[in-house]
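The structure appears below as structure tokens.
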Amino acid sequence: MHTGPSPLSARTADAFYHDLGGGRFASAAATAGPWSAKTQHGGPPSALMGRAMEQHEPRPGMRIARVTVELLRPVPVADLQLRVRTVRSGGSTEILEGEMTSGGKPVLVARAWRLVASPPDTPFLCHGPAAPARPGPQAAHAMAGAHLDGYIAAMEWRFEHGRGFDTPGPGTAWARQRIRLVGGAADTPLTRALTLADSSWAVAFELDHHAGLVINTDITLALHRDPVGEWLCLRSDTAASPAGSGLALGQLDDATGDCGRVLQTLLVTERRTGG
């Protein structure tokens with residue numbers, strides 16, 4: 001049984017995961033997040049769960065409109081097992097529930113609403129300014145103190161001129177995957193959005209995660225329409241209060257406009273020391 005990262009780095013991997021069959025997936029080193037080469041960024045496993053939900057008893061004329069992912073513990077760069085069940089199914093709505101385990105331990109749970117698609121005469125409602133145009137090619141972006149040869153390298157990032165992960169937010173970034181989610185399988189609008197969604201608070205970056213511990217406990221992605229194309233834009237900001245917690249809110253756009261929102265609860269606390 002595979003229990004460690006793939007020997008392929010993010011710069012040479014062809015996918016974040018490889019399908020082992022029976023709901024099992026091998027994780028490539030490209031899934032590794034900024035905090036450790038041994039634990040995954042929240043984007044790829046969220047997208048892998050979204051993919052499993054899309055493939056679970058699909059119904060014509062229905063789409064997944066909202067996914068909430070609860071990150072129970074750091075997801076290791078190792079084999080993953082996914083299970084999805086239908087909690088309730090009606091004529092026009094249903095709710096799905098999924099669990100991801102590694103080594104027999106739950107690492108992630110999720111719920112999703114699958115809804116009947118709205119009729120063609122539904123008005124297109126979009127308030128607020130359009131996203132800025134996507135900048136041209138940029139040099140690879142770094143993040144102070146981060147593991148870069150994983151998810152960060154497996155995505156192409158384009159920030160506003162002169163800005164990046166270490167620039168205090170609110171922030172705006174266009175991004176796309178350099179590799180597929182699952183080897184040999186096509187990505188979907190939902191999986192592309194979920195692969196990026198967990199980066200919303202990092203694009204916002206208004207709380208000092210070097211001085212203290214700042215990390216999201218969850219990801220909620222709500223899409224009023226399916227994103228189009230590989231490139232997606234996150235415009236994100238942060239709210240926080242003493243004796244409270246943090247909240248990162250992002251708007252997701254594609255080249256044609258607004259697609260939906262990303263919401264993340266942030267744990268804000270002092271870093272623990274050994275002893």
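Labels for the structure tokens follow display order: chains A, B, ..., residues from 1 in each chain, ligands from 1.
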
- [ ] Output as a PyMOL selection string all residues of stretch 50-215 of chain A that backbone DSSP marks as strand (DSSP E).
- [x] chain A and resi 62-71+80-89+93-102+105-116+155-159+171-177+180-182+213-215

Cut-off 7 Å: closest stretch 112-225 of chain A/stretch 254-269 of chain A atom pairs per residue, using only C-alpha atoms, as CSV:
residue,atom,partner,partner_atom,distance
A:Cys126,CA,A:Asp258,CA,6.7
A:Ala130,CA,A:Gly257,CA,6.5
A:Ala197,CA,A:Val262,CA,6.3
A:Gly212,CA,A:Thr269,CA,6.1
A:Leu213,CA,A:Thr269,CA,5.2
A:Val214,CA,A:Val268,CA,4.7
A:Ile215,CA,A:Leu267,CA,5.4
A:Asn216,CA,A:Leu266,CA,4.3
A:Thr217,CA,A:Thr265,CA,5.9
A:Asp218,CA,A:Gln264,CA,5.6
A:Ile219,CA,A:Gln264,CA,5.0
A:Thr220,CA,A:Leu263,CA,5.1
A:Leu221,CA,A:Val262,CA,4.7
A:Ala222,CA,A:Arg261,CA,5.4
A:Leu223,CA,A:Gly260,CA,4.3
A:His224,CA,A:Gly260,CA,5.6
A:Arg225,CA,A:Cys259,CA,5.5

- [ ] Considering only C-alpha atoms, return as a ChimeraX atom specification whatever protein or nucleic-acid residues lie within 10 Å of A:Pro189, sequence-local ones (same chain, fewer than 2 positions apart) excluded.
- [x] /A:187,191-194,225-230

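The neighbours of A:Ala144 here are the residues that come within 10 Å of it, using only C-alpha atoms and leaving out any residue fewer than 5 positions away in the same chain; they are Pro34, Phe165, Asp166 and His210 of chain A.
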
TODO: Find the residues near A:Trp35: any atom within 10 Å, counting only C-alpha atoms, skip ones fewer than 5 places away on the same chain, and give them as a ChimeraX atom specification.
DONE: /A:40-41,145-148

Once you have the residues from the selection above, write them out as a PDB file, in the first residue's frame, restricted to N, CA and C atoms.
ATOM      1  N   GLN A  40      -1.349  17.867   2.569  1.00  0.00           N
ATOM      2  CA  GLN A  40      -1.896  18.437   1.356  1.00  0.00           C
ATOM      3  C   GLN A  40      -2.494  19.832   1.568  1.00  0.00           C
ATOM      4  N   HIS A  41      -2.425  20.631   0.523  1.00  0.00           N
ATOM      5  CA  HIS A  41      -3.231  21.842   0.431  1.00  0.00           C
ATOM      6  C   HIS A  41      -4.694  21.416   0.387  1.00  0.00           C
ATOM      7  N   GLY A 145       8.566  31.381   3.792  1.00  0.00           N
ATOM      8  CA  GLY A 145       8.517  30.264   4.715  1.00  0.00           C
ATOM      9  C   GLY A 145       7.699  29.080   4.256  1.00  0.00           C
ATOM     10  N   ALA A 146       7.284  29.062   2.992  1.00  0.00           N
ATOM     11  CA  ALA A 146       6.369  28.026   2.504  1.00  0.00           C
ATOM     12  C   ALA A 146       7.092  26.938   1.718  1.00  0.00           C
ATOM     13  N   HIS A 147       6.482  25.751   1.695  1.00  0.00           N
ATOM     14  CA  HIS A 147       6.909  24.679   0.798  1.00  0.00           C
ATOM     15  C   HIS A 147       6.337  24.996  -0.580  1.00  0.00           C
ATOM     16  N   LEU A 148       7.188  25.232  -1.536  1.00  0.00           N
ATOM     17  CA  LEU A 148       6.743  25.717  -2.846  1.00  0.00           C
ATOM     18  C   LEU A 148       6.594  24.620  -3.890  1.00  0.00           C
TER      19      LEU A 148
END

Open item on the list: Rounded to one decimal, what separation in Å do you get between atom CA of A:Ser241 and atom CA of A:Leu196?
Closed with: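 That distance, rounded to one decimal, is 26.0 Å.
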
- [ ] Figure out the distance between atom CA of A:Pro129 and atom CA of A:Met155, please, to one decimal in Å.
- [x]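 One can read the atom CA of A:Met155 to atom CA of A:Pro129 distance as 25.8 Å.
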
Task: Exercise: A:Arg73 partners within 8 Å, only C-alpha atoms, chain neighbours under 2 positions left out, as a PyMOL selection string - done: chain A and resi 71+75+107-108

TODO: If you run DSSP over the backbone, which residues in stretch 50-146 of chain A end up helix (DSSP H, G or I)? Put them as a list of chain:residue names.
DONE: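 Output for stretch 50-146 of chain A, helix (DSSP H, G or I) only: A:Gly50, A:Arg51, A:Ala52, A:Met53, A:Glu54, A:Gln55.
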
Using N, CA and C atoms, can you write the selected residues to a file as a tab-separated table (two decimals), in the first residue's frame?
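Result file follows (again15.tsv):
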chain	number	residue	atom	x	y	z
A	50	GLY	N	-15.38	16.66	-4.50
A	50	GLY	CA	-16.40	17.19	-5.40
A	50	GLY	C	-16.60	16.31	-6.62
A	51	ARG	N	-15.50	15.79	-7.15
A	51	ARG	CA	-15.58	14.87	-8.29
A	51	ARG	C	-16.37	13.62	-7.92
A	52	ALA	N	-16.09	13.05	-6.74
A	52	ALA	CA	-16.81	11.85	-6.30
A	52	ALA	C	-18.29	12.14	-6.14
A	53	MET	N	-18.62	13.33	-5.66
A	53	MET	CA	-20.02	13.70	-5.49
A	53	MET	C	-20.72	13.86	-6.84
A	54	GLU	N	-20.02	14.47	-7.80
A	54	GLU	CA	-20.60	14.60	-9.15
A	54	GLU	C	-20.89	13.23	-9.76
A	55	GLN	N	-20.02	12.27	-9.49
A	55	GLN	CA	-20.15	10.95	-10.11
A	55	GLN	C	-21.09	10.03	-9.34

TODO: Kindly give the distance, in Å, that separates atom CA of A:Lys38 and atom CA of A:Leu20, rounded to a single decimal.
DONE: 20.1 Å

Task: Contacts of A:His161 at 12 Å (only C-alpha atoms; same-chain gap of 4+ positions) as a PyMOL selection string - done: chain A and resi 132-139+157+167+171-174

Open item on the list: When you count only C-alpha atoms, which of these residues is closest to A:Pro119: A:Ala211, A:Val67, A:Val77, A:Met62?
Closed with: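 Checking each of A:Ala211, A:Val67, A:Val77, A:Met62 against A:Pro119, counting only C-alpha atoms, the winner is A:Met62.
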
Task: Pick from A:Ala28, A:Gly91, A:His127, A:Arg59 nearest to A:Asp79, counting only C-alpha atoms - done: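 Looking at the shortest contact to A:Asp79, the residue is A:Ala28.
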